[in-house]
Structure formats: structure tokens, C-alpha cells
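Student: Structure supplied as my_file-v8.cif; contents: mmCIF, C-alpha atoms.
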```
data_entry
loop_
_atom_site.label_atom_id
_atom_site.label_comp_id
_atom_site.auth_asym_id
_atom_site.auth_seq_id
_atom_site.Cartn_x
_atom_site.Cartn_y
_atom_site.Cartn_z
CA MET H 1412 -1.45 -0.46 5.62
CA ASN H 1413 -1.56 -0.29 9.39
CA LYS H 1414 -3.28 2.12 11.76
CA THR H 1415 -0.18 4.31 12.18
CA ARG H 1416 0.09 4.83 8.42
CA LEU H 1417 -3.64 5.52 8.15
CA VAL H 1418 -3.37 8.15 10.91
CA GLU H 1419 -0.44 9.79 9.09
CA LEU H 1420 -2.28 9.90 5.74
CA LEU H 1421 -5.48 11.30 7.24
CA SER H 1422 -3.51 13.87 9.21
CA ILE H 1423 -1.78 15.08 6.04
CA LYS H 1424 -5.03 15.19 4.04
CA THR H 1425 -7.17 16.89 6.69
CA GLY H 1426 -4.73 19.09 8.60
CA PHE H 1427 -5.84 17.57 11.92
CA THR H 1428 -3.12 16.43 14.32
CA LYS H 1429 -2.19 12.77 14.49
CA LYS H 1430 -3.51 12.69 18.06
CA GLU H 1431 -6.92 13.99 16.92
CA ILE H 1432 -7.10 11.49 14.04
CA ASP H 1433 -6.09 8.61 16.34
CA TYR H 1434 -8.83 9.62 18.80
CA ILE H 1435 -11.45 9.71 16.02
CA ILE H 1436 -10.41 6.31 14.63
CA ASN H 1437 -10.49 4.73 18.11
CA LEU H 1438 -13.92 6.24 18.78
CA PHE H 1439 -15.17 4.96 15.41
CA ILE H 1440 -13.94 1.42 16.09
CA ASP H 1441 -15.22 1.39 19.69
CA ASN H 1442 -18.71 2.44 18.56
CA ILE H 1443 -18.83 -0.27 15.89
CA ILE H 1444 -17.75 -2.93 18.40
CA THR H 1445 -20.24 -1.77 21.04
CA SER H 1446 -23.12 -1.72 18.57
CA VAL H 1447 -22.30 -5.19 17.21
CA GLN H 1448 -21.96 -6.54 20.78
CA ASN H 1449 -25.47 -5.23 21.44
CA GLY H 1450 -26.77 -7.19 18.44
CA GLU H 1451 -27.09 -4.21 16.11
CA ASP H 1452 -25.82 -4.21 12.53
CA VAL H 1453 -23.67 -1.21 11.61
CA GLU H 1454 -24.22 -0.15 8.02
CA ILE H 1455 -21.91 2.37 6.41
CA ARG H 1456 -23.56 3.16 3.09
CA GLY H 1457 -21.22 2.75 0.15
CA PHE H 1458 -18.71 0.79 2.28
CA GLY H 1459 -20.31 -2.19 4.00
CA THR H 1460 -22.06 -3.70 7.01
CA PHE H 1461 -20.65 -5.04 10.27
CA SER H 1462 -22.77 -7.67 12.01
CA GLN H 1463 -22.61 -10.33 14.69
CA ALA H 1464 -22.40 -14.02 13.79
CA ILE H 1465 -22.39 -17.09 15.99
CA GLN H 1466 -20.04 -19.87 15.00
CA GLU H 1467 -21.55 -23.14 16.18
CA LYS H 1468 -19.55 -25.60 18.23
CA ARG H 1469 -17.70 -28.11 16.13
CA SER H 1470 -15.33 -31.04 16.29
CA ILE H 1471 -11.89 -30.91 14.73
CA LYS H 1472 -9.13 -33.45 14.51
CA SER H 1473 -5.86 -32.25 16.01
CA PRO H 1474 -2.98 -33.25 13.74
CA ILE H 1475 -0.56 -32.96 16.67
CA ALA H 1476 -2.46 -34.94 19.28
CA GLY H 1477 -4.24 -37.16 16.76
CA LYS H 1478 -7.46 -36.74 18.76
CA THR H 1479 -10.82 -35.16 18.06
CA ILE H 1480 -11.23 -31.89 19.94
CA GLU H 1481 -14.50 -30.06 20.64
CA VAL H 1482 -14.27 -26.35 19.76
CA PRO H 1483 -16.93 -24.38 21.67
CA ALA H 1484 -19.36 -22.00 19.99
CA LYS H 1485 -18.23 -18.39 19.79
CA THR H 1486 -19.47 -15.00 18.68
CA LYS H 1487 -17.68 -13.35 15.78
CA ILE H 1488 -17.92 -10.09 13.88
CA ASN H 1489 -18.68 -10.25 10.17
CA PHE H 1490 -18.08 -7.60 7.53
CA LYS H 1491 -19.93 -7.65 4.22
CA ALA H 1492 -18.67 -5.18 1.66
CA SER H 1493 -21.22 -3.06 -0.19
CA LYS H 1494 -21.65 -3.52 -3.93
CA ASN H 1495 -19.77 -0.26 -4.47
CA THR H 1496 -16.81 -1.35 -2.35
CA ASP H 1497 -16.82 -4.78 -3.97
CA LYS H 1498 -16.75 -3.22 -7.47
CA GLN H 1499 -13.88 -0.89 -6.55
CA ILE H 1500 -11.79 -3.72 -5.12
CA THR H 1501 -12.52 -6.01 -8.07
CA LYS H 1502 -11.74 -3.24 -10.57
CA GLY H 1503 -8.39 -2.59 -8.88
CA ALA H 1504 -7.34 -6.24 -9.03
#
```
What is this structure when it is put down as C-alpha cells?

Tutor:
Amino acid sequence: MNKTRLVELLSIKTGFTKKEIDYIINLFIDNIITSVQNGEDVEIRGFGTFSQAIQEKRSIKSPIAGKTIEVPAKTKINFKASKNTDKQITKGA
């Protein structure tokens, strides 16, 4: 499912316009990103937690160049599903 399909489904279920739903989804995502950038964890009870993680610098071997390349450290966003979400996904599989 992509964002367009999600907007359509939520619009049908709630009666809000697609424009309103799109605005809400964008606001939701922007607030999660901003909070995680500021070092805060974002916990949505019953769904999961978004947090910041730092991937250390590492060396990899390039199969094309045949050389070892240094990959710099970077900040990533992690998502850990709640037990409830994990159970629902596992049950559906």
C-alpha cells in the first residue's frame, strides 16, 4: 500500500476529504521526524516506537572496484513494533 491508497481508504472510512487526510498524514510524519531528530523517542502505544540510532563508520569491500571503502557514520531512524503489532502481523502470516 502506498500513501495515495492510504489517503483514499481513510477518506472513505472517515468522510474527510482526501486533502484533509493528506494534510493530517504529512503533519503526523513531520512531527515524528522532528521529534526523532531532536533525540526524542516517539511511542505510539499499541503500535510501536520510533527512535534515533547511530550507525558507526565501517569498512566495506566494493565488488566493482575491488577496494575497501570507508562508509562514514550516519544517523538513522529505527522502528520497533509493539508486542500487540508484532502479534497481529505474526498471526496474519

Student: Looking at H:Asn1495, H:Thr1486, H:Ser1470, H:Asn1413, which one is nearest to Gly1457 of chain H, with distances taken over all atoms listed in the file?

Tutor: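 For Gly1457 of chain H, the nearest of the given residues is H:Asn1495.
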
Student: Any idea what's packed within 12 Å of Thr1415 of chain H, counting only C-alpha atoms, ignoring anything in its chain fewer than 6 positions away? Could you give it as JSON, numbers by chain?

Tutor: {"H": [1421, 1422, 1429, 1430, 1432, 1433, 1436, 1437]}

Student: Between atom CA of Gln1466 of chain H and atom CA of Glu1481 of chain H, measure the distance and give it in Å to one decimal.

Tutor: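 These two atoms are separated by 12.9 Å.
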
Student: Considering only C-alpha atoms, can you say which of H:Lys1414, H:Asp1497, H:Gln1463, H:Leu1420 comes closest to Thr1445 of chain H?

Tutor: H:Gln1463

Student: Find the distance between atom CA of Phe1461 of chain H and atom CA of Lys1487 of chain H and write it in Å to one decimal.

Tutor: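 These two atoms are separated by 10.4 Å.
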
Student: Record the distance separating atom CA of Ile1488 of chain H and atom CA of Arg1469 of chain H, expressed in Å with one decimal.

Tutor: 18.2 Å

Student: For Ala1464 of chain H, work out the shell of residues within 12 Å, counting all atoms listed in the file and skipping chain neighbours fewer than 4 positions away, then give it as a list in words.

Tutor: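 Once the adjacent positions are removed, what remains is Val1447, Gln1448, Gly1450, Glu1451, Asp1452, Ala1484, Lys1485, Thr1486, Lys1487, Ile1488, Asn1489, Phe1490 and Lys1491 of chain H.
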
Student: I need the residue nearest Ile1443 of chain H from this list: H:Ile1475, H:Thr1460, H:Phe1427, H:Ile1500. Use all atoms listed in the file for the distance.

Tutor: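 So, comparing all the options, the nearest one is H:Thr1460.
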
Student: Can you put N, CA and C atoms back into segment 1452-1473 of chain H and show it as a short mmCIF file (atom, residue, chain, number, x, y, z; two decimals), keeping the file's coordinate frame?

Tutor:
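To be explicit, this is the file written out as part10.cif:
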```
data_model
loop_
_atom_site.label_atom_id
_atom_site.label_comp_id
_atom_site.auth_asym_id
_atom_site.auth_seq_id
_atom_site.Cartn_x
_atom_site.Cartn_y
_atom_site.Cartn_z
N ASP H 1452 -26.67 -4.27 13.71
CA ASP H 1452 -25.82 -4.21 12.53
C ASP H 1452 -25.39 -2.76 12.35
N VAL H 1453 -24.17 -2.55 11.88
CA VAL H 1453 -23.67 -1.21 11.61
C VAL H 1453 -23.45 -1.11 10.11
N GLU H 1454 -24.29 -0.30 9.46
CA GLU H 1454 -24.22 -0.15 8.02
C GLU H 1454 -23.60 1.19 7.68
N ILE H 1455 -22.53 1.15 6.91
CA ILE H 1455 -21.91 2.37 6.41
C ILE H 1455 -22.16 2.36 4.90
N ARG H 1456 -23.13 3.16 4.49
CA ARG H 1456 -23.56 3.16 3.09
C ARG H 1456 -22.37 3.41 2.16
N GLY H 1457 -22.30 2.62 1.11
CA GLY H 1457 -21.22 2.75 0.15
C GLY H 1457 -19.94 2.06 0.59
N PHE H 1458 -19.91 1.49 1.80
CA PHE H 1458 -18.71 0.79 2.28
C PHE H 1458 -19.03 -0.65 2.65
N GLY H 1459 -19.96 -0.85 3.61
CA GLY H 1459 -20.31 -2.19 4.00
C GLY H 1459 -21.05 -2.26 5.31
N THR H 1460 -21.30 -3.48 5.78
CA THR H 1460 -22.06 -3.70 7.01
C THR H 1460 -21.30 -4.63 7.95
N PHE H 1461 -21.22 -4.22 9.22
CA PHE H 1461 -20.65 -5.04 10.27
C PHE H 1461 -21.81 -5.68 11.02
N SER H 1462 -21.70 -6.98 11.29
CA SER H 1462 -22.77 -7.67 12.01
C SER H 1462 -22.18 -8.77 12.88
N GLN H 1463 -23.01 -9.27 13.77
CA GLN H 1463 -22.61 -10.33 14.69
C GLN H 1463 -22.99 -11.68 14.10
N ALA H 1464 -22.11 -12.66 14.25
CA ALA H 1464 -22.40 -14.02 13.79
C ALA H 1464 -21.98 -14.99 14.88
N ILE H 1465 -22.72 -16.07 15.00
CA ILE H 1465 -22.39 -17.09 15.99
C ILE H 1465 -21.84 -18.30 15.24
N GLN H 1466 -20.63 -18.68 15.59
CA GLN H 1466 -20.04 -19.87 15.00
C GLN H 1466 -20.38 -21.04 15.92
N GLU H 1467 -21.10 -22.00 15.39
CA GLU H 1467 -21.55 -23.14 16.18
C GLU H 1467 -20.37 -23.96 16.67
N LYS H 1468 -20.61 -24.72 17.75
CA LYS H 1468 -19.55 -25.60 18.23
C LYS H 1468 -19.29 -26.66 17.19
N ARG H 1469 -18.05 -27.13 17.13
CA ARG H 1469 -17.70 -28.11 16.13
C ARG H 1469 -16.58 -29.01 16.64
N SER H 1470 -16.40 -30.10 15.96
CA SER H 1470 -15.33 -31.04 16.29
C SER H 1470 -14.25 -30.94 15.23
N ILE H 1471 -13.00 -30.91 15.67
CA ILE H 1471 -11.89 -30.91 14.73
C ILE H 1471 -10.90 -31.99 15.14
N LYS H 1472 -10.15 -32.45 14.19
CA LYS H 1472 -9.13 -33.45 14.51
C LYS H 1472 -7.79 -32.72 14.63
N SER H 1473 -7.15 -32.86 15.77
CA SER H 1473 -5.86 -32.25 16.01
C SER H 1473 -4.78 -33.08 15.34
#
```
